[in-house]
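Colleague: One file is attached below, work-v1.txt, containing compact mmCIF, C-alpha atoms.
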# COMPACT_ATOMS: atom_id res chain seq x y z
CA MET A 915 38.26 42.60 26.12
CA ALA A 916 41.58 40.94 26.99
CA THR A 917 43.48 43.95 25.65
CA VAL A 918 41.42 46.36 27.74
CA PHE A 919 41.97 44.21 30.83
CA LEU A 920 45.74 44.13 30.31
CA VAL A 921 45.85 47.91 29.74
CA ILE A 922 44.02 48.43 33.05
CA LEU A 923 46.52 46.10 34.73
CA LEU A 924 49.46 48.07 33.34
CA LEU A 925 47.91 51.35 34.53
CA TYR A 926 47.34 49.81 37.95
CA LEU A 927 50.95 48.66 38.25
CA LEU A 928 52.12 52.10 37.14
CA LYS A 929 49.98 53.56 39.93
CA ILE A 930 51.62 51.19 42.42
CA LEU A 931 55.07 52.28 41.23
CA LEU A 932 54.14 55.94 41.69
CA PHE A 933 52.83 55.24 45.20
CA ALA A 934 55.89 53.23 46.22
CA THR A 935 58.22 55.96 44.96
CA GLY A 936 56.14 58.75 46.49
CA ALA A 937 56.17 57.19 49.96
CA ARG A 938 59.95 57.10 49.88
CA ARG A 939 60.08 60.71 48.67
CA ALA A 940 57.89 61.71 51.62
CA THR A 941 60.14 60.08 54.22
CA THR A 942 63.06 62.48 54.44
CA VAL A 943 63.39 62.90 58.22
CA VAL A 944 64.45 66.37 59.36
CA ASN A 945 65.19 65.86 63.10
CA HIS A 946 65.03 69.44 64.36
CA SER A 947 65.99 69.82 68.01
CA GLY A 948 63.69 72.67 69.12
CA ARG A 949 61.20 72.09 71.92
CA PRO A 950 58.22 74.44 71.47
CA PHE A 951 55.29 74.30 73.83
CA ILE A 952 52.83 71.67 72.54
CA SER A 953 49.19 70.80 73.14
CA VAL A 954 48.15 67.17 72.79
CA ILE A 955 44.40 66.87 72.25
CA VAL A 956 42.17 63.80 72.34
CA ALA A 957 38.39 63.95 72.02
CA ALA A 958 36.31 61.09 73.40
CA ARG A 959 32.65 60.17 73.34
CA ASN A 960 31.54 57.02 75.16
CA GLU A 961 35.00 55.45 75.14
CA GLU A 962 35.04 53.84 78.58
CA ASP A 963 36.56 50.66 77.14
CA ASN A 964 39.51 52.47 75.53
CA ILE A 965 40.17 55.80 77.20
CA ASP A 966 42.18 54.40 80.12
CA SER A 967 44.84 52.85 77.86
CA CYS A 968 44.95 55.97 75.72
CA LEU A 969 45.48 58.34 78.64
CA ALA A 970 48.07 56.03 80.20
CA SER A 971 50.13 56.27 77.00
CA LEU A 972 49.71 60.06 76.86
CA ALA A 973 50.72 60.41 80.50
CA ALA A 974 53.92 58.46 79.69
CA LEU A 975 54.95 60.80 76.86
CA ARG A 976 58.53 62.01 77.08
CA TYR A 977 58.87 65.70 76.38
CA ASP A 978 60.61 68.61 78.06
CA GLU A 979 59.06 69.31 81.45
CA GLY A 980 56.77 72.30 81.42
CA GLN A 981 56.56 72.36 77.61
CA MET A 982 53.48 70.18 77.15
CA GLU A 983 49.82 70.15 78.05
CA ILE A 984 47.34 67.33 77.44
CA LEU A 985 43.75 68.38 76.81
CA VAL A 986 41.17 65.59 77.04
CA VAL A 987 37.72 66.43 75.70
CA ASP A 988 34.66 64.66 77.08
CA ASP A 989 32.22 65.07 74.21
CA GLN A 990 28.98 64.61 76.12
CA SER A 991 29.69 61.00 77.08
CA THR A 992 26.90 59.04 78.74
CA ASP A 993 29.07 56.22 80.08
CA ALA A 994 32.02 56.20 82.51
CA THR A 995 34.38 58.04 80.13
CA GLY A 996 34.18 61.31 82.08
CA GLU A 997 34.90 59.62 85.41
CA ILE A 998 37.96 57.85 84.01
CA MET A 999 39.21 61.14 82.56
CA ALA A 1000 38.75 62.87 85.91
CA GLY A 1001 40.84 60.22 87.63
CA TRP A 1002 43.73 60.77 85.21
CA GLU A 1003 43.40 64.55 85.55
CA ARG A 1004 43.95 64.25 89.30
CA ARG A 1005 47.10 62.16 88.79
CA VAL A 1006 48.73 64.01 85.87
CA PRO A 1007 49.47 67.70 86.59
CA HIS A 1008 49.70 68.73 82.92
CA MET A 1009 46.46 66.97 81.91
CA ARG A 1010 43.20 68.89 81.81
CA VAL A 1011 39.67 67.66 81.07
CA ILE A 1012 37.33 69.79 78.99
CA ARG A 1013 33.63 69.05 78.51
CA THR A 1014 32.07 70.28 75.30
CA GLU A 1015 29.49 72.99 75.74
CA GLY A 1016 27.02 73.08 72.88
CA ILE A 1017 28.15 73.79 69.33
CA VAL A 1018 30.72 76.41 68.36
CA HIS A 1019 30.99 78.02 64.93
CA GLY A 1020 28.26 75.71 63.60
CA LEU A 1021 30.54 72.68 63.80
CA LYS A 1022 29.34 69.12 64.35
CA GLY A 1023 30.74 65.95 65.87
CA LYS A 1024 34.44 65.57 66.49
CA ALA A 1025 35.35 68.86 64.77
CA ASN A 1026 33.27 70.71 67.35
CA ALA A 1027 35.07 68.97 70.23
CA ILE A 1028 38.55 69.54 68.79
CA ALA A 1029 37.81 73.18 67.96
CA GLN A 1030 36.70 73.88 71.52
CA ALA A 1031 39.89 72.32 72.86
CA ILE A 1032 42.09 74.30 70.47
CA GLU A 1033 40.48 77.54 71.65
CA GLN A 1034 41.52 76.65 75.22
CA SER A 1035 44.99 75.37 74.31
CA ARG A 1036 48.34 77.17 74.46
CA GLY A 1037 50.61 75.09 72.25
CA GLU A 1038 52.59 76.33 69.29
CA ILE A 1039 52.23 72.80 67.90
CA ILE A 1040 48.91 70.98 68.31
CA ILE A 1041 48.93 67.18 68.15
CA THR A 1042 45.75 65.11 67.95
CA THR A 1043 44.93 61.45 68.46
CA ASP A 1044 41.81 59.40 69.19
CA ALA A 1045 40.53 57.82 72.38
CA ASP A 1046 40.95 54.29 71.01
CA CYS A 1047 44.64 54.83 70.24
CA VAL A 1048 47.86 54.15 72.13
CA VAL A 1049 50.93 56.26 71.37
CA PRO A 1050 54.61 55.42 71.95
CA PRO A 1051 56.62 57.32 74.63
CA HIS A 1052 58.68 59.32 72.09
CA TRP A 1053 55.68 60.13 69.89
CA ALA A 1054 55.40 63.84 70.68
CA GLU A 1055 59.11 64.65 70.50
CA GLU A 1056 59.52 62.69 67.26
CA ILE A 1057 56.60 64.52 65.66
CA VAL A 1058 57.95 67.90 66.72
CA ALA A 1059 61.35 66.93 65.29
CA GLN A 1060 59.71 66.74 61.84
CA TYR A 1061 58.95 70.48 61.85
CA ASP A 1062 61.21 73.02 60.22
CA GLU A 1063 60.34 76.70 59.81
CA HIS A 1064 58.29 76.00 56.68
CA THR A 1065 56.26 73.04 57.97
CA GLY A 1066 52.62 73.61 58.88
CA CYS A 1067 51.35 70.06 59.32
CA VAL A 1068 52.85 66.62 60.01
CA CYS A 1069 50.93 63.34 59.87
CA GLY A 1070 52.03 59.90 60.99
CA TYR A 1071 50.94 56.33 60.40
CA THR A 1072 48.32 54.50 62.42
CA MET A 1073 47.98 50.73 62.39
CA ILE A 1074 45.42 48.41 63.91
CA LYS A 1075 46.06 46.21 66.93
CA THR A 1076 45.97 42.66 65.67
CA SER A 1077 44.45 39.76 67.57
CA SER A 1078 42.52 37.94 64.83
CA ALA A 1079 42.29 37.57 61.06
CA PHE A 1080 39.59 40.27 60.99
CA SER A 1081 41.74 42.84 62.82
CA GLY A 1082 44.85 41.75 60.92
CA MET A 1083 43.07 42.40 57.64
CA GLN A 1084 42.20 45.90 58.88
CA SER A 1085 45.80 46.56 59.88
CA VAL A 1086 47.03 45.65 56.39
CA ASP A 1087 44.31 47.89 54.95
CA TRP A 1088 45.42 50.86 57.08
CA ALA A 1089 49.07 50.34 56.12
CA TYR A 1090 48.06 50.27 52.46
CA LEU A 1091 45.85 53.36 52.60
CA MET A 1092 48.32 55.40 54.64
CA THR A 1093 51.09 54.56 52.20
CA ILE A 1094 48.89 56.05 49.48
CA ALA A 1095 48.40 59.15 51.66
CA SER A 1096 52.14 59.44 52.29
CA ALA A 1097 52.88 58.91 48.59
CA GLY A 1098 50.51 61.72 47.68
CA ILE A 1099 52.54 64.15 49.78
CA GLY A 1100 55.71 62.76 48.23
CA TRP A 1101 54.38 63.88 44.85
CA GLY A 1102 52.86 67.13 46.12
CA TYR A 1103 49.20 66.15 46.50
CA ALA A 1104 47.12 65.87 49.69
CA LEU A 1105 45.19 62.64 49.11
CA SER A 1106 44.23 61.65 52.64
CA ALA A 1107 44.89 62.18 56.36
CA VAL A 1108 43.58 60.73 59.61
CA GLY A 1109 43.26 62.79 62.77
CA ASN A 1110 44.34 60.03 65.15
CA ASN A 1111 47.98 60.80 64.29
CA MET A 1112 48.03 64.38 63.05
CA SER A 1113 49.70 67.61 64.11
CA PHE A 1114 49.75 71.20 62.92
CA ARG A 1115 51.15 74.59 63.83
CA ARG A 1116 48.72 76.88 65.56
CA GLN A 1117 49.73 79.58 63.07
CA ALA A 1118 48.90 77.29 60.13
CA TYR A 1119 45.54 76.48 61.72
CA GLU A 1120 44.78 80.16 62.17
CA ASP A 1121 46.00 81.04 58.67
CA VAL A 1122 43.32 78.83 57.11
CA GLY A 1123 40.68 80.08 59.56
CA GLY A 1124 40.45 76.95 61.71
CA TYR A 1125 37.75 74.32 61.52
CA GLN A 1126 35.06 76.98 61.30
CA ALA A 1127 36.46 78.28 57.99
CA VAL A 1128 37.25 74.84 56.62
CA GLY A 1129 33.55 74.00 56.82
CA PHE A 1130 31.69 70.87 57.83
CA SER A 1131 33.03 67.53 56.68
CA VAL A 1132 32.44 64.01 57.94
CA THR A 1133 36.25 63.67 57.78
CA GLU A 1134 37.15 66.95 59.43
CA ASP A 1135 40.81 66.01 59.86
CA PHE A 1136 41.30 65.49 56.12
CA ALA A 1137 39.48 68.77 55.39
CA LEU A 1138 41.89 70.68 57.65
CA PHE A 1139 44.88 68.84 56.17
CA LYS A 1140 43.83 69.84 52.65
CA ALA A 1141 43.25 73.44 53.69
CA ILE A 1142 46.78 73.76 55.08
CA ALA A 1143 48.23 71.99 52.03
CA TYR A 1144 46.37 73.99 49.38
CA ARG A 1145 45.23 77.26 50.95
CA SER A 1146 48.37 78.33 52.79
CA ASP A 1147 52.08 78.73 52.15
CA TRP A 1148 52.95 76.04 54.70
CA THR A 1149 54.34 72.68 53.64
CA VAL A 1150 52.87 69.39 54.89
CA ARG A 1151 54.73 66.17 55.68
CA TYR A 1152 53.67 62.52 55.91
CA PRO A 1153 56.80 60.42 56.54
CA VAL A 1154 56.84 56.65 56.99
CA HIS A 1155 58.47 57.07 60.39
CA PRO A 1156 58.49 54.16 62.92
CA SER A 1157 58.91 56.44 65.95
CA THR A 1158 55.59 58.16 65.29
CA LEU A 1159 53.55 55.00 64.69
CA VAL A 1160 50.26 54.91 66.64
CA TRP A 1161 48.19 51.80 67.34
CA SER A 1162 44.39 51.89 67.21
CA GLU A 1163 41.61 49.49 68.12
CA PRO A 1164 40.00 47.62 65.21
CA CYS A 1165 36.39 47.84 64.16
CA ARG A 1166 34.68 45.10 66.10
CA ASN A 1167 32.37 43.84 63.38
CA LEU A 1168 31.34 44.33 59.75
CA LYS A 1169 28.71 46.94 60.68
CA GLU A 1170 31.33 49.20 62.29
CA LEU A 1171 33.70 48.62 59.38
CA PHE A 1172 30.98 49.50 56.86
CA ARG A 1173 30.20 52.74 58.69
CA GLN A 1174 33.89 53.67 58.81
CA LYS A 1175 34.38 53.07 55.08
CA LYS A 1176 31.21 54.95 54.20
CA ARG A 1177 32.32 57.95 56.26
CA TRP A 1178 35.77 57.93 54.66
CA GLY A 1179 34.23 57.57 51.22
CA ARG A 1180 31.91 60.53 51.77
CA GLY A 1181 34.75 62.62 53.14
CA GLY A 1182 36.90 61.87 50.11
CA LEU A 1183 34.40 63.03 47.50
CA ASP A 1184 36.22 66.32 47.01
CA ILE A 1185 39.65 64.74 46.63
CA HIS A 1186 42.11 66.41 44.24
CA PRO A 1187 41.38 65.52 40.57
CA ILE A 1188 44.73 63.75 40.34
CA GLY A 1189 43.76 61.60 43.31
CA PHE A 1190 40.36 60.90 41.77
CA ALA A 1191 41.98 59.77 38.53
CA ILE A 1192 44.38 57.48 40.38
CA MET A 1193 41.63 55.99 42.52
CA SER A 1194 39.54 55.42 39.39
CA VAL A 1195 42.27 53.13 38.08
CA GLY A 1196 42.02 51.12 41.28
CA PHE A 1197 38.25 50.86 40.91
CA LEU A 1198 38.55 49.72 37.29
CA MET A 1199 41.14 47.08 38.17
CA ASN A 1200 39.14 45.58 41.01
CA ALA A 1201 35.82 45.79 39.17
CA ALA A 1202 37.38 44.15 36.09
CA ILE A 1203 38.64 41.22 38.15
CA LEU A 1204 35.18 40.72 39.64
CA ILE A 1205 33.08 41.20 36.51
CA LEU A 1206 35.00 40.36 33.32
CA PRO A 1207 35.27 36.57 33.90
CA PHE A 1208 31.49 36.48 33.54
CA LEU A 1209 31.70 38.37 30.26
CA GLY A 1210 34.00 35.94 28.51
CA LEU A 1211 37.50 36.98 29.60
CA PRO A 1212 39.87 33.99 29.12
CA LEU A 1213 40.83 32.35 32.39
CA TRP A 1214 44.57 32.62 31.79
CA ILE A 1215 44.30 36.38 31.16
CA TRP A 1216 42.25 36.73 34.34
CA LEU A 1217 44.85 34.81 36.35
CA ILE A 1218 47.59 37.10 35.02
CA GLY A 1219 45.56 40.08 36.19
CA VAL A 1220 44.94 38.65 39.67
CA ALA A 1221 48.59 37.68 40.08
CA GLY A 1222 49.86 41.01 38.78
CA LYS A 1223 47.55 43.05 40.99
CA SER A 1224 48.39 40.98 44.08
CA ALA A 1225 52.12 41.26 43.40
CA GLY A 1226 51.82 45.03 43.05
CA ASP A 1227 49.81 45.40 46.25
CA ALA A 1228 52.27 43.23 48.17
CA ALA A 1229 55.19 45.28 46.84
CA LEU A 1230 53.55 48.55 47.94
CA LEU A 1231 53.13 47.20 51.46
CA TYR A 1232 56.72 46.07 51.78
CA TYR A 1233 58.21 49.51 52.54
CA PRO A 1234 55.94 50.44 55.50
CA LEU A 1235 55.76 46.92 56.94
CA GLU A 1236 59.53 46.60 56.76
CA ARG A 1237 60.12 49.98 58.43
CA PHE A 1238 57.61 49.21 61.18
CA GLY A 1239 58.87 45.68 61.77
CA GLN A 1240 55.46 44.28 60.84
CA ARG A 1241 56.21 41.89 57.99
CA ALA A 1242 54.29 39.22 59.92
CA LEU A 1243 51.12 40.99 58.79
CA TYR A 1244 51.64 39.48 55.35
CA ARG A 1245 49.89 36.39 56.72
CA TYR A 1246 46.65 38.39 56.42
CA PHE A 1247 47.42 39.61 52.91
CA PRO A 1248 45.23 37.06 51.04
CA LEU A 1249 42.21 38.01 53.17
CA PHE A 1250 43.00 41.70 52.65
CA GLU A 1251 43.13 41.20 48.86
CA LEU A 1252 39.67 39.62 48.84
CA TYR A 1253 38.26 42.31 51.14
CA TYR A 1254 39.91 45.11 49.16
CA LEU A 1255 38.62 43.70 45.89
CA ILE A 1256 35.04 43.83 47.14
CA TYR A 1257 34.96 47.11 49.00
CA VAL A 1258 36.81 49.17 46.39
CA THR A 1259 34.24 48.00 43.84
CA VAL A 1260 31.17 48.43 46.04
CA LEU A 1261 32.04 51.58 48.03
CA PRO A 1262 31.51 54.13 45.20
CA PHE A 1263 27.93 52.91 44.79
CA VAL A 1264 27.31 53.03 48.55
CA VAL A 1265 28.55 56.62 48.64
CA MET A 1266 26.46 57.61 45.61
CA LEU A 1267 23.33 56.26 47.29
CA GLY A 1268 23.82 58.94 49.92
CA GLY A 1269 22.36 58.74 53.39
CA ARG A 1270 23.81 60.14 56.56
CA VAL A 1271 26.97 58.75 58.08
CA VAL A 1272 27.20 57.65 61.70
CA TRP A 1273 29.98 58.64 64.11
CA LYS A 1274 29.80 57.66 67.79
CA ASP A 1275 26.03 57.12 67.55
CA ARG A 1276 25.56 60.55 65.97
CA LYS A 1277 24.18 60.96 62.47
CA LEU A 1278 26.15 63.60 60.56
Now that the file is in, can you turn its structure into structure tokens?
Modeller:
Amino acid sequence: MATVFLVILLLYLLKILLFATGARRATTVVNHSGRPFISVIVAARNEEDNIDSCLASLAALRYDEGQMEILVVDDQSTDATGEIMAGWERRVPHMRVIRTEGIVHGLKGKANAIAQAIEQSRGEIIITTDADCVVPPHWAEEIVAQYDEHTGCVCGYTMIKTSSAFSGMQSVDWAYLMTIASAGIGWGYALSAVGNNMSFRRQAYEDVGGYQAVGFSVTEDFALFKAIAYRSDWTVRYPVHPSTLVWSEPCRNLKELFRQKKRWGRGGLDIHPIGFAIMSVGFLMNAAILILPFLGLPLWIWLIGVAGKSAGDAALLYYPLERFGQRALYRYFPLFELYYLIYVTVLPFVVMLGGRVVWKDRKL
């Protein structure tokens, strides 16, 4: 048993090394100077608490005058979201509010809202974020600078606004997971993507048939990302780039966090086999730490495993936290390790049990 445990630990640390190297491979910044017309799209449903801050940050974006439009989608909100959007539309000439009208192309949820906005957009580059996010002033121009003539999609990091141990734990979790996503691209595999900091060429979107051809997914952004990566000749990029970092609101409680993880888990079921194999190592490592002490594993071997895993996880986080100036988040690392240990072990069983996922009070 001790030998098996140590083999799993070695495989886990090898995985960490691959991720750390891959993230650095993915971070070659290209800095092209072209200024194509861009469409920034944000879809919102019942986001009256967040949409004002989001639209304020979008209105402050620095990009060549006349070369940007901001499309804000009111996805059948029943609160004051639409009124707040209308107020910003009156003040910002290049901002336009769209209200979703039914379902297009059989799409559901956020994919339906984004697809309707894309059909009304004019940008050569389409950039998406979420209503609970705040973007930096140079966000759009820095994203566009990552495109060369071969690039079809560029993703950036999102981290969680931190005001407590619970939100700090989530921010460390996002940094960890996005480093895995970036590392995947560094090694040529699309492992994950999040639509709150994602962009793509209109031509790349059309080449894969848009959301309607990608098909329904509870993580529609990842589905589109994979389609561009695997079903087109375009390259995709996921650099660890401080100038494109977006900040998002945390889940407010464990119920919201559970729903988020379940949705992500369901959306990742069709991950590339290489990604599945790598994630299986993570599951085995965490499950072994939780279970094997009760099956007779010597304490000193167990402590080596816990220390080795924690050291590897901390090392993987160093590169993004250093680049983003967020090393202070290490104060939440012990809580993250405990949380990560539990959810990585439990989540596969939650996903296997099935059941519909919930997004913005809609069951998908």
Colleague: Calculate, to one decimal in Å, the centre and edge lengths of the box along x, y and z of the file that holds all listed atoms of stretch 1253-1260 of chain A with 5 Å of margin on each side, and present them as lines of an AutoDock Vina configuration file.
Modeller:
center_x = 35.5
center_y = 45.7
center_z = 47.5
size_x = 18.7
size_y = 16.9
size_z = 17.3
Colleague: Give me the stretch 934-1020 of chain A side of the contact with stretch 1097-1107 of chain A, cut-off 10 Å, one line per residue showing its nearest atom pair and distance in Å at one decimal, counting all atoms listed in the file, sorted by chain and residue number, as a tab-separated table.
Modeller:
residue	atom	partner	partner_atom	distance
A:Ala934	CA	A:Ala1097	CA	6.9
A:Thr935	CA	A:Ala1097	CA	7.1
A:Gly936	CA	A:Ala1097	CA	3.9
A:Ala937	CA	A:Ala1097	CA	4.0
A:Arg938	CA	A:Gly1100	CA	7.3
A:Arg939	CA	A:Gly1100	CA	4.8
A:Ala940	CA	A:Gly1100	CA	4.2
A:Thr941	CA	A:Gly1100	CA	7.9
A:Thr942	CA	A:Gly1100	CA	9.6
Colleague: Pick out the residues sitting within 12 Å of A:Cys1165, and hand them over as a count of residues only; count only C-alpha atoms, and ignore anything fewer than 6 positions along from it in its own chain.
Modeller: 18
Colleague: Find the spatial neighbours of stretch 1004-1006 of chain A, counting only C-alpha atoms, within a cut-off of 12 Å - ignore same-chain residues fewer than 3 positions away - and output them as a list in words.
Modeller: Leu969, Ala970, Ser971, Leu972, Ala973, Ala974, Leu975, Met982, Glu983, Ile984, Leu985, Val986, Glu997, Ile998, Met999, Ala1000, Gly1001, Met1009, Arg1010 and Val1011 of chain A
Colleague: Write out as a list in words each polymer residue whose atoms come within 8 Å of A:Thr995, counting all atoms listed in the file; drop sequence neighbours fewer than 5 positions from it.
Modeller: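 Final neighbour list, sorted by chain and number: Ala958, Arg959, Asn960, Glu961, Glu962, Ile965 and Asp988 of chain A.
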Colleague: Those selected residues, please, written with C-alpha atoms and delivered as a compact mmCIF listing (two decimals), in the coordinates of the input.
Modeller:
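New file result.txt:
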# COMPACT_ATOMS: atom_id res chain seq x y z
CA ALA A 958 36.31 61.09 73.40
CA ARG A 959 32.65 60.17 73.34
CA ASN A 960 31.54 57.02 75.16
CA GLU A 961 35.00 55.45 75.14
CA GLU A 962 35.04 53.84 78.58
CA ILE A 965 40.17 55.80 77.20
CA ASP A 988 34.66 64.66 77.08
Colleague: Give me, please, the distance in Å between atom CA of A:Ala1079 and atom CA of A:His1052, quoted to one decimal.
Modeller: 29.4 Å
Colleague: Could you state the separation of atom CA of A:Val1122 and atom CA of A:Pro1187 in Å, given to one decimal place?
Modeller: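 Rounded to one decimal, the two atoms are 21.3 Å apart.
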Colleague: Which residues come within 8 Å of A:Thr1014, counting all atoms listed in the file, excluding same-chain residues fewer than 5 positions away, as a ChimeraX atom specification?
Modeller: /A:987-990,1027,1030
Colleague: To one decimal in Å, tell me the separation between atom CA of A:Pro1212 and atom CA of A:Leu923.
Modeller: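 Computing it gives 14.9 Å between the two atoms.
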Colleague: Ranking A:Tyr1125, A:Trp1148, A:Phe1114, A:Trp1216 by minimum distance to A:Ala1025 and counting all atoms listed in the file, which one comes first?
Modeller: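 The closest residue to A:Ala1025 is A:Tyr1125.
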Colleague: Might you pull out every residue within 12 Å of stretch 1245-1256 of chain A, with all atoms listed in the file counted and same-chain residues fewer than 4 positions away left off, and present them as a VMD selection string?
Modeller: chain A and resid 1076 to 1091 1168 1171 to 1172 1175 1196 to 1205 1220 to 1221 1223 to 1232 1235 1240 to 1241 1260 to 1263
Colleague: Okay, now the selection with C-alpha atoms, as an mmCIF file, in the coordinates of the input?
Modeller:
data_model
loop_
_atom_site.group_PDB
_atom_site.id
_atom_site.type_symbol
_atom_site.label_atom_id
_atom_site.label_comp_id
_atom_site.auth_asym_id
_atom_site.auth_seq_id
_atom_site.Cartn_x
_atom_site.Cartn_y
_atom_site.Cartn_z
ATOM 1 C CA THR A 1076 45.970 42.660 65.670
ATOM 2 C CA SER A 1077 44.450 39.760 67.570
ATOM 3 C CA SER A 1078 42.520 37.940 64.830
ATOM 4 C CA ALA A 1079 42.290 37.570 61.060
ATOM 5 C CA PHE A 1080 39.590 40.270 60.990
ATOM 6 C CA SER A 1081 41.740 42.840 62.820
ATOM 7 C CA GLY A 1082 44.850 41.750 60.920
ATOM 8 C CA MET A 1083 43.070 42.400 57.640
ATOM 9 C CA GLN A 1084 42.200 45.900 58.880
ATOM 10 C CA SER A 1085 45.800 46.560 59.880
ATOM 11 C CA VAL A 1086 47.030 45.650 56.390
ATOM 12 C CA ASP A 1087 44.310 47.890 54.950
ATOM 13 C CA TRP A 1088 45.420 50.860 57.080
ATOM 14 C CA ALA A 1089 49.070 50.340 56.120
ATOM 15 C CA TYR A 1090 48.060 50.270 52.460
ATOM 16 C CA LEU A 1091 45.850 53.360 52.600
ATOM 17 C CA LEU A 1168 31.340 44.330 59.750
ATOM 18 C CA LEU A 1171 33.700 48.620 59.380
ATOM 19 C CA PHE A 1172 30.980 49.500 56.860
ATOM 20 C CA LYS A 1175 34.380 53.070 55.080
ATOM 21 C CA GLY A 1196 42.020 51.120 41.280
ATOM 22 C CA PHE A 1197 38.250 50.860 40.910
ATOM 23 C CA LEU A 1198 38.550 49.720 37.290
ATOM 24 C CA MET A 1199 41.140 47.080 38.170
ATOM 25 C CA ASN A 1200 39.140 45.580 41.010
ATOM 26 C CA ALA A 1201 35.820 45.790 39.170
ATOM 27 C CA ALA A 1202 37.380 44.150 36.090
ATOM 28 C CA ILE A 1203 38.640 41.220 38.150
ATOM 29 C CA LEU A 1204 35.180 40.720 39.640
ATOM 30 C CA ILE A 1205 33.080 41.200 36.510
ATOM 31 C CA VAL A 1220 44.940 38.650 39.670
ATOM 32 C CA ALA A 1221 48.590 37.680 40.080
ATOM 33 C CA LYS A 1223 47.550 43.050 40.990
ATOM 34 C CA SER A 1224 48.390 40.980 44.080
ATOM 35 C CA ALA A 1225 52.120 41.260 43.400
ATOM 36 C CA GLY A 1226 51.820 45.030 43.050
ATOM 37 C CA ASP A 1227 49.810 45.400 46.250
ATOM 38 C CA ALA A 1228 52.270 43.230 48.170
ATOM 39 C CA ALA A 1229 55.190 45.280 46.840
ATOM 40 C CA LEU A 1230 53.550 48.550 47.940
ATOM 41 C CA LEU A 1231 53.130 47.200 51.460
ATOM 42 C CA TYR A 1232 56.720 46.070 51.780
ATOM 43 C CA LEU A 1235 55.760 46.920 56.940
ATOM 44 C CA GLN A 1240 55.460 44.280 60.840
ATOM 45 C CA ARG A 1241 56.210 41.890 57.990
ATOM 46 C CA VAL A 1260 31.170 48.430 46.040
ATOM 47 C CA LEU A 1261 32.040 51.580 48.030
ATOM 48 C CA PRO A 1262 31.510 54.130 45.200
ATOM 49 C CA PHE A 1263 27.930 52.910 44.790
#
Colleague: Measuring between only C-alpha atoms, which one of A:Val1264, A:Gly1219, A:Arg1180, A:Glu1134 shows the shortest distance to A:Gly1023?
Modeller: A:Glu1134
